[in-house]
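As stored in query02.cif (mmCIF, C-alpha atoms):
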data_final
loop_
_atom_site.group_PDB
_atom_site.id
_atom_site.type_symbol
_atom_site.label_atom_id
_atom_site.label_comp_id
_atom_site.auth_asym_id
_atom_site.auth_seq_id
_atom_site.Cartn_x
_atom_site.Cartn_y
_atom_site.Cartn_z
ATOM 1 C CA MET A 1 128.112 -101.161 -40.895
ATOM 2 C CA GLY A 2 128.033 -104.822 -41.960
ATOM 3 C CA GLU A 3 131.148 -105.850 -40.006
ATOM 4 C CA SER A 4 132.079 -109.385 -40.981
ATOM 5 C CA VAL A 5 132.609 -112.264 -38.548
ATOM 6 C CA VAL A 6 133.183 -115.998 -38.827
ATOM 7 C CA PHE A 7 132.223 -118.279 -35.955
ATOM 8 C CA ILE A 8 134.376 -121.152 -34.748
ATOM 9 C CA GLY A 9 132.086 -123.527 -32.927
ATOM 10 C CA GLU A 10 130.873 -121.816 -29.769
ATOM 11 C CA THR A 11 134.056 -119.785 -29.236
ATOM 12 C CA PRO A 12 133.235 -116.086 -28.716
ATOM 13 C CA ALA A 13 134.029 -113.919 -31.745
ATOM 14 C CA ALA A 14 135.138 -110.339 -31.051
ATOM 15 C CA LEU A 15 133.685 -107.301 -32.769
ATOM 16 C CA ALA A 16 135.999 -104.424 -33.659
ATOM 17 C CA ALA A 17 134.272 -102.189 -31.083
ATOM 18 C CA ILE A 18 132.058 -102.608 -28.017
ATOM 19 C CA PRO A 19 128.343 -102.290 -28.895
ATOM 20 C CA THR A 20 126.265 -99.778 -26.967
ATOM 21 C CA GLY A 21 123.022 -101.650 -27.567
ATOM 22 C CA SER A 22 121.567 -104.526 -29.533
ATOM 23 C CA VAL A 23 123.104 -105.898 -32.724
ATOM 24 C CA VAL A 24 121.701 -107.137 -36.032
ATOM 25 C CA VAL A 25 123.349 -110.235 -37.472
ATOM 26 C CA ARG A 26 122.620 -111.257 -41.056
ATOM 27 C CA SER A 27 123.998 -113.523 -43.774
ATOM 28 C CA THR A 28 124.854 -110.915 -46.443
ATOM 29 C CA PHE A 29 126.736 -107.624 -46.419
ATOM 30 C CA VAL A 30 123.880 -105.899 -48.255
ATOM 31 C CA PRO A 31 120.371 -106.962 -47.181
ATOM 32 C CA ALA A 32 118.574 -108.798 -49.981
ATOM 33 C CA THR A 33 115.544 -111.020 -50.469
ATOM 34 C CA ASN A 34 117.610 -114.109 -49.669
ATOM 35 C CA THR A 35 119.238 -112.634 -46.561
ATOM 36 C CA ILE A 36 118.921 -114.587 -43.331
ATOM 37 C CA THR A 37 118.558 -112.424 -40.228
ATOM 38 C CA TYR A 38 119.809 -114.414 -37.255
ATOM 39 C CA VAL A 39 118.009 -114.367 -33.916
ATOM 40 C CA GLU A 40 119.648 -113.493 -30.609
ATOM 41 C CA GLY A 41 119.304 -116.315 -28.112
ATOM 42 C CA GLN A 42 118.500 -118.814 -30.849
ATOM 43 C CA ASP A 43 121.483 -118.391 -33.183
ATOM 44 C CA TYR A 44 123.910 -116.345 -31.099
ATOM 45 C CA VAL A 45 124.509 -114.816 -27.696
ATOM 46 C CA LEU A 46 125.820 -111.270 -27.296
ATOM 47 C CA ASP A 47 128.215 -110.378 -24.481
ATOM 48 C CA PRO A 48 127.849 -106.579 -24.511
ATOM 49 C CA LEU A 49 130.653 -105.950 -22.005
ATOM 50 C CA ALA A 50 133.233 -108.001 -23.890
ATOM 51 C CA GLY A 51 131.938 -106.991 -27.301
ATOM 52 C CA THR A 52 131.692 -110.592 -28.472
ATOM 53 C CA LEU A 53 129.166 -112.855 -30.143
ATOM 54 C CA ARG A 54 128.962 -116.577 -29.430
ATOM 55 C CA ARG A 55 127.364 -119.071 -31.748
ATOM 56 C CA THR A 56 124.852 -121.369 -30.034
ATOM 57 C CA SER A 57 125.004 -125.150 -30.300
ATOM 58 C CA ASN A 58 121.915 -125.323 -32.535
ATOM 59 C CA SER A 59 122.643 -122.130 -34.486
ATOM 60 C CA ARG A 60 121.915 -121.533 -38.143
ATOM 61 C CA LEU A 61 125.179 -119.569 -38.348
ATOM 62 C CA PRO A 62 127.891 -121.375 -40.349
ATOM 63 C CA ASP A 63 130.575 -123.107 -38.277
ATOM 64 C CA PHE A 64 134.074 -122.256 -39.524
ATOM 65 C CA ARG A 65 135.348 -125.569 -38.214
ATOM 66 C CA THR A 66 133.970 -127.097 -41.426
ATOM 67 C CA ASN A 67 136.134 -124.820 -43.614
ATOM 68 C CA VAL A 68 138.851 -126.817 -45.401
ATOM 69 C CA LEU A 69 141.530 -124.433 -44.136
ATOM 70 C CA PHE A 70 140.429 -124.457 -40.508
ATOM 71 C CA GLY A 71 143.448 -125.174 -38.320
ATOM 72 C CA ALA A 72 145.860 -125.363 -41.258
ATOM 73 C CA LYS A 73 149.354 -124.039 -40.548
ATOM 74 C CA ASN A 74 151.814 -122.680 -43.099
ATOM 75 C CA PHE A 75 149.346 -123.799 -45.749
ATOM 76 C CA ASP A 76 149.662 -124.057 -49.506
ATOM 77 C CA HIS A 77 146.158 -123.131 -50.631
ATOM 78 C CA SER A 78 146.490 -125.103 -53.876
ATOM 79 C CA ARG A 79 146.317 -128.293 -51.808
ATOM 80 C CA TYR A 80 142.903 -127.373 -50.413
ATOM 81 C CA PRO A 81 140.254 -127.474 -53.164
ATOM 82 C CA GLY A 82 137.224 -125.386 -52.338
ATOM 83 C CA PHE A 83 139.021 -123.005 -49.982
ATOM 84 C CA GLY A 84 137.376 -119.672 -49.302
ATOM 85 C CA ASN A 85 135.333 -117.942 -46.622
ATOM 86 C CA THR A 86 132.362 -116.450 -48.459
ATOM 87 C CA ALA A 87 129.891 -119.081 -47.265
ATOM 88 C CA PHE A 88 131.020 -118.660 -43.639
ATOM 89 C CA PHE A 89 130.531 -114.945 -43.045
ATOM 90 C CA ALA A 90 127.949 -113.222 -40.908
ATOM 91 C CA PHE A 91 127.613 -109.441 -41.038
ATOM 92 C CA VAL A 92 126.842 -107.361 -37.967
ATOM 93 C CA ASP A 93 125.297 -103.911 -37.576
ATOM 94 C CA TYR A 94 125.683 -102.155 -34.255
ATOM 95 C CA ALA A 95 126.205 -98.766 -32.652
ATOM 96 C CA HIS A 96 129.223 -98.107 -30.438
ATOM 97 C CA ALA A 97 130.508 -95.307 -28.258
ATOM 98 C CA PRO A 98 132.755 -92.708 -29.897
ATOM 99 C CA GLY A 99 136.377 -93.697 -29.639
ATOM 100 C CA VAL A 100 139.539 -93.179 -31.651
ATOM 101 C CA PRO A 101 138.516 -91.666 -35.008
ATOM 102 C CA TRP A 102 138.413 -94.096 -37.897
ATOM 103 C CA PRO A 103 139.476 -94.035 -40.626
ATOM 104 C CA VAL A 104 142.563 -91.965 -39.951
ATOM 105 C CA GLN A 105 143.366 -90.558 -43.371
ATOM 106 C CA LEU A 106 145.032 -87.248 -44.158
ATOM 107 C CA ASP A 107 143.102 -85.013 -46.536
ATOM 108 C CA GLN A 108 144.687 -85.273 -49.985
ATOM 109 C CA SER A 109 142.643 -82.593 -51.748
ATOM 110 C CA ALA A 110 145.701 -80.378 -52.324
ATOM 111 C CA LEU A 111 147.130 -83.183 -54.478
ATOM 112 C CA LEU A 112 143.893 -83.681 -56.437
ATOM 113 C CA THR A 113 143.090 -80.122 -57.529
ATOM 114 C CA ARG A 114 142.859 -80.917 -61.252
ATOM 115 C CA SER A 115 140.486 -83.788 -60.591
ATOM 116 C CA ARG A 116 138.254 -81.641 -58.416
ATOM 117 C CA ALA A 117 138.161 -78.863 -61.028
ATOM 118 C CA ARG A 118 137.332 -81.280 -63.850
ATOM 119 C CA LEU A 119 134.610 -82.990 -61.848
ATOM 120 C CA ALA A 120 133.053 -79.669 -60.834
ATOM 121 C CA GLU A 121 133.198 -78.369 -64.397
ATOM 122 C CA GLY A 122 131.228 -81.361 -65.653
ATOM 123 C CA GLY A 123 131.621 -83.625 -68.647
ATOM 124 C CA PRO A 124 133.505 -86.905 -69.028
ATOM 125 C CA PHE A 125 135.806 -87.932 -66.196
ATOM 126 C CA LYS A 126 137.561 -91.295 -66.393
ATOM 127 C CA VAL A 127 139.031 -93.150 -63.420
ATOM 128 C CA VAL A 128 141.253 -96.179 -64.040
ATOM 129 C CA ALA A 129 141.823 -98.637 -61.182
ATOM 130 C CA PHE A 130 145.209 -100.277 -61.734
ATOM 131 C CA GLY A 131 146.701 -103.056 -59.650
ATOM 132 C CA ASP A 132 146.383 -106.711 -58.724
ATOM 133 C CA SER A 133 143.501 -109.064 -57.895
ATOM 134 C CA ILE A 134 142.468 -106.963 -54.895
ATOM 135 C CA THR A 135 141.854 -104.001 -57.188
ATOM 136 C CA ALA A 136 140.267 -106.298 -59.763
ATOM 137 C CA GLY A 137 137.643 -107.041 -57.111
ATOM 138 C CA GLY A 138 138.724 -110.439 -55.884
ATOM 139 C CA ASP A 139 136.063 -111.995 -53.626
ATOM 140 C CA ALA A 140 133.652 -109.077 -53.662
ATOM 141 C CA THR A 141 130.262 -110.763 -54.062
ATOM 142 C CA SER A 142 129.087 -108.143 -56.568
ATOM 143 C CA PRO A 143 130.940 -105.730 -58.882
ATOM 144 C CA ARG A 144 129.035 -102.846 -57.304
ATOM 145 C CA LEU A 145 130.692 -103.639 -53.947
ATOM 146 C CA ILE A 146 134.273 -103.272 -55.226
ATOM 147 C CA PHE A 147 135.771 -100.294 -53.435
ATOM 148 C CA TRP A 148 136.693 -98.219 -56.489
ATOM 149 C CA GLN A 149 133.307 -98.850 -58.082
ATOM 150 C CA ARG A 150 131.657 -97.466 -54.962
ATOM 151 C CA TRP A 151 134.030 -94.498 -54.947
ATOM 152 C CA ALA A 152 133.139 -93.720 -58.565
ATOM 153 C CA VAL A 153 129.432 -93.809 -57.658
ATOM 154 C CA HIS A 154 130.190 -91.433 -54.773
ATOM 155 C CA LEU A 155 132.054 -89.040 -57.074
ATOM 156 C CA GLN A 156 129.179 -89.090 -59.551
ATOM 157 C CA ALA A 157 126.706 -88.219 -56.799
ATOM 158 C CA ARG A 158 128.921 -85.458 -55.436
ATOM 159 C CA TYR A 159 129.572 -83.918 -58.851
ATOM 160 C CA PRO A 160 126.290 -84.363 -60.766
ATOM 161 C CA LEU A 161 127.476 -82.368 -63.789
ATOM 162 C CA ALA A 162 130.288 -84.857 -64.374
ATOM 163 C CA ARG A 163 129.986 -88.115 -66.283
ATOM 164 C CA VAL A 164 132.188 -90.410 -64.228
ATOM 165 C CA ALA A 165 133.396 -93.611 -65.871
ATOM 166 C CA ALA A 166 135.338 -96.190 -63.880
ATOM 167 C CA VAL A 167 137.567 -98.670 -65.728
ATOM 168 C CA ASN A 168 139.020 -101.863 -64.249
ATOM 169 C CA GLY A 169 142.655 -101.932 -65.360
ATOM 170 C CA ALA A 170 143.730 -104.484 -62.742
ATOM 171 C CA THR A 171 144.966 -108.027 -63.369
ATOM 172 C CA GLY A 172 144.983 -110.816 -60.799
ATOM 173 C CA GLY A 173 148.425 -112.073 -59.816
ATOM 174 C CA ASP A 174 150.291 -108.972 -60.947
ATOM 175 C CA SER A 175 153.141 -107.335 -59.105
ATOM 176 C CA THR A 176 154.621 -103.990 -60.098
ATOM 177 C CA VAL A 177 156.778 -105.872 -62.625
ATOM 178 C CA GLN A 178 153.739 -106.999 -64.612
ATOM 179 C CA GLY A 179 152.137 -103.632 -63.918
ATOM 180 C CA LEU A 180 154.911 -101.903 -65.832
ATOM 181 C CA GLN A 181 154.460 -104.356 -68.683
ATOM 182 C CA ARG A 182 150.690 -103.767 -68.853
ATOM 183 C CA LEU A 183 150.730 -100.017 -68.232
ATOM 184 C CA GLU A 184 150.334 -98.932 -71.848
ATOM 185 C CA ASP A 185 147.410 -101.228 -72.564
ATOM 186 C CA LYS A 186 145.635 -101.024 -69.198
ATOM 187 C CA VAL A 187 146.113 -97.357 -68.341
ATOM 188 C CA LEU A 188 147.739 -95.071 -70.871
ATOM 189 C CA LYS A 189 145.497 -96.051 -73.798
ATOM 190 C CA GLU A 190 142.470 -95.213 -71.657
ATOM 191 C CA LYS A 191 143.544 -91.543 -71.393
ATOM 192 C CA PRO A 192 142.460 -91.325 -67.743
ATOM 193 C CA ASP A 193 141.811 -88.239 -65.656
ATOM 194 C CA LEU A 194 142.641 -90.071 -62.437
ATOM 195 C CA VAL A 195 144.521 -93.320 -61.786
ATOM 196 C CA GLN A 196 144.257 -95.404 -58.630
ATOM 197 C CA VAL A 197 147.427 -97.487 -58.249
ATOM 198 C CA GLY A 198 147.392 -100.398 -55.808
ATOM 199 C CA PHE A 199 150.169 -102.971 -55.757
ATOM 200 C CA GLY A 200 152.065 -104.741 -53.004
ATOM 201 C CA MET A 201 150.362 -108.050 -52.212
ATOM 202 C CA ASN A 202 152.139 -110.034 -54.915
ATOM 203 C CA ASP A 203 155.308 -107.957 -54.676
ATOM 204 C CA HIS A 204 155.576 -108.918 -50.998
ATOM 205 C CA ASN A 205 155.176 -112.658 -51.595
ATOM 206 C CA ARG A 206 158.061 -115.100 -51.486
ATOM 207 C CA GLY A 207 159.997 -114.821 -54.716
ATOM 208 C CA GLY A 208 158.344 -111.459 -55.365
ATOM 209 C CA VAL A 209 159.754 -107.969 -55.666
ATOM 210 C CA PRO A 210 162.158 -106.663 -52.987
ATOM 211 C CA PRO A 211 161.029 -103.453 -51.258
ATOM 212 C CA ALA A 212 163.611 -101.191 -52.904
ATOM 213 C CA GLN A 213 162.732 -102.449 -56.390
ATOM 214 C CA PHE A 214 159.035 -102.207 -55.542
ATOM 215 C CA ALA A 215 159.505 -98.516 -54.731
ATOM 216 C CA ASP A 216 161.524 -97.944 -57.909
ATOM 217 C CA ASN A 217 158.807 -99.643 -59.953
ATOM 218 C CA LEU A 218 156.173 -97.367 -58.430
ATOM 219 C CA ARG A 219 158.291 -94.335 -59.315
ATOM 220 C CA THR A 220 158.577 -95.565 -62.901
ATOM 221 C CA LEU A 221 154.826 -96.176 -63.134
ATOM 222 C CA ILE A 222 154.150 -92.656 -61.911
ATOM 223 C CA ALA A 223 156.674 -91.087 -64.271
ATOM 224 C CA ARG A 224 155.234 -92.914 -67.277
ATOM 225 C CA ILE A 225 151.640 -92.015 -66.395
ATOM 226 C CA ARG A 226 152.614 -88.361 -66.045
ATOM 227 C CA ALA A 227 154.620 -88.368 -69.247
ATOM 228 C CA SER A 228 151.691 -89.682 -71.294
ATOM 229 C CA THR A 229 148.635 -88.227 -69.548
ATOM 230 C CA ASP A 230 147.512 -85.309 -67.427
ATOM 231 C CA ALA A 231 146.020 -87.684 -64.864
ATOM 232 C CA GLU A 232 146.430 -87.290 -61.143
ATOM 233 C CA ILE A 233 147.402 -90.393 -59.184
ATOM 234 C CA VAL A 234 146.291 -91.982 -55.921
ATOM 235 C CA LEU A 235 148.614 -94.635 -54.505
ATOM 236 C CA PHE A 236 147.080 -96.976 -51.944
ATOM 237 C CA SER A 237 148.589 -99.597 -49.675
ATOM 238 C CA ALA A 238 147.411 -103.154 -49.059
ATOM 239 C CA PHE A 239 146.737 -105.237 -45.931
ATOM 240 C CA PRO A 240 148.497 -108.280 -44.475
ATOM 241 C CA PRO A 241 147.452 -111.668 -45.877
ATOM 242 C CA ASN A 242 146.602 -114.647 -43.682
ATOM 243 C CA PRO A 243 149.617 -115.128 -41.380
ATOM 244 C CA GLU A 244 149.421 -118.907 -41.933
ATOM 245 C CA TRP A 245 149.705 -118.597 -45.723
ATOM 246 C CA ALA A 246 152.919 -120.279 -46.862
ATOM 247 C CA PHE A 247 153.663 -117.893 -49.732
ATOM 248 C CA GLY A 248 153.679 -114.592 -47.861
ATOM 249 C CA THR A 249 156.828 -112.973 -46.506
ATOM 250 C CA HIS A 250 154.533 -111.288 -43.968
ATOM 251 C CA GLN A 251 156.294 -107.951 -44.256
ATOM 252 C CA MET A 252 153.395 -105.959 -45.649
ATOM 253 C CA GLU A 253 154.164 -103.078 -43.296
ATOM 254 C CA VAL A 254 157.403 -102.560 -45.239
ATOM 255 C CA TYR A 255 155.593 -102.379 -48.592
ATOM 256 C CA ALA A 256 152.943 -100.064 -47.147
ATOM 257 C CA ALA A 257 155.671 -97.761 -45.844
ATOM 258 C CA ARG A 258 157.369 -97.767 -49.255
ATOM 259 C CA THR A 259 154.065 -96.914 -50.936
ATOM 260 C CA ALA A 260 153.524 -93.996 -48.562
ATOM 261 C CA GLY A 261 157.098 -92.842 -49.050
ATOM 262 C CA VAL A 262 156.887 -92.858 -52.847
ATOM 263 C CA ALA A 263 153.587 -90.958 -52.703
ATOM 264 C CA ALA A 264 155.152 -88.252 -50.538
ATOM 265 C CA GLU A 265 158.284 -88.081 -52.665
ATOM 266 C CA THR A 266 156.431 -87.782 -55.967
ATOM 267 C CA GLY A 267 153.510 -85.622 -54.854
ATOM 268 C CA CYS A 268 150.845 -88.278 -55.372
ATOM 269 C CA ALA A 269 147.809 -88.653 -53.150
ATOM 270 C CA TYR A 270 148.046 -91.560 -50.710
ATOM 271 C CA ALA A 271 145.235 -93.725 -49.308
ATOM 272 C CA ASN A 272 146.415 -95.356 -46.085
ATOM 273 C CA VAL A 273 144.568 -98.661 -46.283
ATOM 274 C CA TYR A 274 147.229 -100.583 -44.346
ATOM 275 C CA ASN A 275 147.032 -98.662 -41.058
ATOM 276 C CA ASN A 276 143.249 -98.411 -41.133
ATOM 277 C CA TRP A 277 142.889 -102.129 -41.868
ATOM 278 C CA GLN A 278 145.189 -102.934 -38.965
ATOM 279 C CA THR A 279 143.134 -100.759 -36.630
ATOM 280 C CA LYS A 280 139.989 -102.739 -37.452
ATOM 281 C CA ALA A 281 141.906 -106.017 -37.227
ATOM 282 C CA GLN A 282 143.152 -105.465 -33.670
ATOM 283 C CA ARG A 283 140.225 -107.369 -32.156
ATOM 284 C CA LYS A 284 139.423 -109.563 -35.133
ATOM 285 C CA LYS A 285 140.667 -112.808 -36.649
ATOM 286 C CA PRO A 286 142.244 -112.676 -40.133
ATOM 287 C CA GLU A 287 139.495 -115.032 -41.288
ATOM 288 C CA ASP A 288 136.879 -112.422 -40.355
ATOM 289 C CA LEU A 289 138.086 -110.096 -43.123
ATOM 290 C CA LEU A 290 139.529 -112.314 -45.862
ATOM 291 C CA GLY A 291 137.136 -113.380 -48.594
ATOM 292 C CA ASN A 292 139.352 -116.202 -49.821
ATOM 293 C CA ASN A 293 141.001 -116.768 -46.414
ATOM 294 C CA ILE A 294 144.305 -115.811 -48.036
ATOM 295 C CA ASN A 295 144.774 -112.350 -49.505
ATOM 296 C CA HIS A 296 141.493 -110.914 -50.808
ATOM 297 C CA PRO A 297 139.177 -108.613 -48.860
ATOM 298 C CA ASN A 298 135.585 -109.698 -48.414
ATOM 299 C CA ASP A 299 132.680 -107.264 -48.901
ATOM 300 C CA PHE A 300 133.378 -105.637 -45.541
ATOM 301 C CA GLY A 301 137.063 -105.415 -46.459
ATOM 302 C CA HIS A 302 136.167 -103.618 -49.691
ATOM 303 C CA ASP A 303 134.074 -101.285 -47.560
ATOM 304 C CA LEU A 304 137.151 -100.535 -45.443
ATOM 305 C CA TYR A 305 138.982 -99.463 -48.595
ATOM 306 C CA PHE A 306 136.007 -97.374 -49.672
ATOM 307 C CA GLN A 307 135.782 -95.579 -46.331
ATOM 308 C CA VAL A 308 139.461 -94.614 -46.600
ATOM 309 C CA PHE A 309 138.947 -93.271 -50.140
ATOM 310 C CA LEU A 310 136.021 -91.191 -48.935
ATOM 311 C CA LYS A 311 138.435 -89.345 -46.647
ATOM 312 C CA LEU A 312 140.784 -88.274 -49.438
ATOM 313 C CA GLY A 313 138.859 -85.036 -49.807
ATOM 314 C CA LEU A 314 137.928 -85.285 -53.467
#
Could you express the structure from this file as structure tokens?
Amino acid sequence: MGESVVFIGETPAALAAIPTGSVVVRSTFVPATNTITYVEGQDYVLDPLAGTLRRTSNSRLPDFRTNVLFGAKNFDHSRYPGFGNTAFFAFVDYAHAPGVPWPVQLDQSALLTRSRARLAEGGPFKVVAFGDSITAGGDATSPRLIFWQRWAVHLQARYPLARVAAVNGATGGDSTVQGLQRLEDKVLKEKPDLVQVGFGMNDHNRGGVPPAQFADNLRTLIARIRASTDAEIVLFSAFPPNPEWAFGTHQMEVYAARTAGVAAETGCAYANVYNNWQTKAQRKKPEDLLGNNINHPNDFGHDLYFQVFLKLGL
């Protein structure tokens, strides 16, 4: 599972679900030779009824109180050199009782029939991931942990006759406005078979793109992709940034709803990242999931995206 947590002193940190047994707490999302495995009783205390972990006073677990953004309100990140959460995460494996199904993602296979046929037939199959810094892989600790890279590996394993190639067409800082400007170079020239389109974080920021224009821009992107290629399209929503970040309008639910609406209107597949992220975040701090403590998913956050894509039915 590798659920990510940051610890604030000895304040209990909630897990997304209640464990049914012991937990494993380590320093990296993927176990490696340099991974630290923390010891219950020495580094942390588990409260199995509350579903929380508490850092001990002499723990080896990082203390988030030493993060430069700890306690900052309405912050401008540019005034905090060295911001970021990567060094503060612990990752937890545990079993839990069955509850509400997660992820909740409607099967989109009826909207991806050409992709399925091409993959099953075998031969080259190119996926282009198009969007902003989230799609570009911001704050994933390894390229192989970026959600669309993992999805491409999954598709290759599921369709062994295919030769799946995944191309990063995303650019950090882009909204749909810059996306339209870069579409020819980043997507159309690649002659893709499938395009993953993920915008919204920068559109939703202060001074960004109003929701109605955001939706119109998505429609234009889709129309241009379809006019120049035979690619099928998956639109996917984003998650809320840190609520204390000064540059967010904190209306991501509006942009997620617009993304879902455009997908339904245009017959594109839709990956519901927003709702599934919010389900996991109900018991968790924003800092637990944000790699840069602002608006990038950490390795576990990329895994959340990946789990949603697995449910598309391709």
Report, in Å to a single decimal, how far apart CA of Gly301 in chain A and CA of Ala238 in chain A are.
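So the two atoms, CA of Ala238 in chain A and CA of Gly301 in chain A, lie 10.9 Å apart.
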Residues within 9 Å of Arg219 in chain A, only C-alpha atoms, excluding chain neighbours under 5 positions, as a VMD selection string
chain A and resid 214 224 262 to 263 266
With all atoms listed in the file counted and 12 Å as the cut-off, give the residues of range 68-112 of chain A in contact with range 138-148 of chain A, each with its shortest interatomic distance in Å and the pair that gives it, as a tab-separated table.
residue	atom	partner	partner_atom	distance
A:Phe83	CA	A:Asp139	CA	12.0
A:Gly84	CA	A:Asp139	CA	8.9
A:Asn85	CA	A:Asp139	CA	9.2
A:Thr86	CA	A:Asp139	CA	7.8
A:Ala87	CA	A:Thr141	CA	10.7
A:Phe89	CA	A:Thr141	CA	11.8
Using only C-alpha atoms, find the one residue out of A:Pro101, A:Pro297, A:Gly248, A:Pro286 that sits nearest to Ala136 in chain A.
A:Pro297
Quote the spacing between CA of Pro192 in chain A and CA of Val153 in chain A in Å to one decimal place.
16.7 Å
What does the PyMOL selection byres ((chain A and resi 126) around 8) select in this file, as a PyMOL selection string?
chain A and resi 124-125+127-128+164-167+191-194
Could you state which residues are captured by the PyMOL selection byres ((chain A and resi 281) around 12) in this file, as an NGL selection string?
:A and (3-5 or 14-17 or 239-242 or 273-280 or 282-290 or 300-301 or 304)
Would you output that residue set with C-alpha atoms, as a short mmCIF file (atom, residue, chain, number, x, y, z; two decimals), keeping the file's coordinate frame?
data_model
loop_
_atom_site.label_atom_id
_atom_site.label_comp_id
_atom_site.auth_asym_id
_atom_site.auth_seq_id
_atom_site.Cartn_x
_atom_site.Cartn_y
_atom_site.Cartn_z
CA GLU A 3 131.15 -105.85 -40.01
CA SER A 4 132.08 -109.38 -40.98
CA VAL A 5 132.61 -112.26 -38.55
CA ALA A 14 135.14 -110.34 -31.05
CA LEU A 15 133.68 -107.30 -32.77
CA ALA A 16 136.00 -104.42 -33.66
CA ALA A 17 134.27 -102.19 -31.08
CA PHE A 239 146.74 -105.24 -45.93
CA PRO A 240 148.50 -108.28 -44.48
CA PRO A 241 147.45 -111.67 -45.88
CA ASN A 242 146.60 -114.65 -43.68
CA VAL A 273 144.57 -98.66 -46.28
CA TYR A 274 147.23 -100.58 -44.35
CA ASN A 275 147.03 -98.66 -41.06
CA ASN A 276 143.25 -98.41 -41.13
CA TRP A 277 142.89 -102.13 -41.87
CA GLN A 278 145.19 -102.93 -38.97
CA THR A 279 143.13 -100.76 -36.63
CA LYS A 280 139.99 -102.74 -37.45
CA GLN A 282 143.15 -105.46 -33.67
CA ARG A 283 140.22 -107.37 -32.16
CA LYS A 284 139.42 -109.56 -35.13
CA LYS A 285 140.67 -112.81 -36.65
CA PRO A 286 142.24 -112.68 -40.13
CA GLU A 287 139.50 -115.03 -41.29
CA ASP A 288 136.88 -112.42 -40.35
CA LEU A 289 138.09 -110.10 -43.12
CA LEU A 290 139.53 -112.31 -45.86
CA PHE A 300 133.38 -105.64 -45.54
CA GLY A 301 137.06 -105.42 -46.46
CA LEU A 304 137.15 -100.54 -45.44
#
Å distance separating CA of Asp43 in chain A from CA of Gly21 in chain A, one decimal place
17.7 Å
Can you tell me, as a list in words, what residues are no more than 8 Å from Asn205 in chain A when counting all atoms listed in the file, ignoring any on the same chain fewer than 3 positions away?
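Listed by chain and then number, they are Met201, Asn202, Gly208, Val209, Phe247, Gly248, Thr249 and His250 of chain A.
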Residue neighbourhood Phe236 in chain A, 7 Å, only C-alpha atoms, exclusion window fewer than 4 positions, as a PyMOL selection string
chain A and resi 197-198+270-273
Could you list the residues chosen by the PyMOL selection byres ((chain A and resi 210) around 12) in this structure as a count of residues only?
26
Which polymer residues have any atom within 8 Å of an atom of Ser133 in chain A, counting all atoms listed in the file, with same-chain residues fewer than 3 positions away left out, as a PyMOL selection string?
chain A and resi 136-138+170-174+296
Would you put the residues from that selection into a file with C-alpha atoms, as a tab-separated table (two decimals), in the frame of the given file?
chain	number	residue	atom	x	y	z
A	136	ALA	CA	140.27	-106.30	-59.76
A	137	GLY	CA	137.64	-107.04	-57.11
A	138	GLY	CA	138.72	-110.44	-55.88
A	170	ALA	CA	143.73	-104.48	-62.74
A	171	THR	CA	144.97	-108.03	-63.37
A	172	GLY	CA	144.98	-110.82	-60.80
A	173	GLY	CA	148.43	-112.07	-59.82
A	174	ASP	CA	150.29	-108.97	-60.95
A	296	HIS	CA	141.49	-110.91	-50.81
Some atoms are missing, so please complete range 183-193 of chain A with N, CA and C atoms and return it as a compact mmCIF listing (two decimals), in the frame of the given file.
# COMPACT_ATOMS: atom_id res chain seq x y z
N LEU A 183 151.14 -101.40 -68.45
CA LEU A 183 150.73 -100.02 -68.23
C LEU A 183 150.16 -99.37 -69.49
N GLU A 184 150.80 -99.56 -70.60
CA GLU A 184 150.33 -98.93 -71.85
C GLU A 184 148.92 -99.39 -72.18
N ASP A 185 148.70 -100.69 -72.15
CA ASP A 185 147.41 -101.23 -72.56
C ASP A 185 146.31 -100.98 -71.54
N LYS A 186 146.64 -101.09 -70.26
CA LYS A 186 145.64 -101.02 -69.20
C LYS A 186 145.33 -99.61 -68.73
N VAL A 187 146.30 -98.70 -68.89
CA VAL A 187 146.11 -97.36 -68.34
C VAL A 187 146.27 -96.28 -69.39
N LEU A 188 147.43 -96.21 -70.01
CA LEU A 188 147.74 -95.07 -70.87
C LEU A 188 146.79 -94.96 -72.06
N LYS A 189 146.42 -96.08 -72.65
CA LYS A 189 145.50 -96.05 -73.80
C LYS A 189 144.11 -95.55 -73.40
N GLU A 190 143.78 -95.64 -72.13
CA GLU A 190 142.47 -95.21 -71.66
C GLU A 190 142.37 -93.70 -71.52
N LYS A 191 143.50 -93.01 -71.55
CA LYS A 191 143.54 -91.54 -71.39
C LYS A 191 142.77 -91.11 -70.14
N PRO A 192 143.21 -91.59 -68.98
CA PRO A 192 142.46 -91.32 -67.74
C PRO A 192 142.64 -89.90 -67.24
N ASP A 193 141.70 -89.49 -66.41
CA ASP A 193 141.81 -88.24 -65.66
C ASP A 193 142.37 -88.49 -64.26
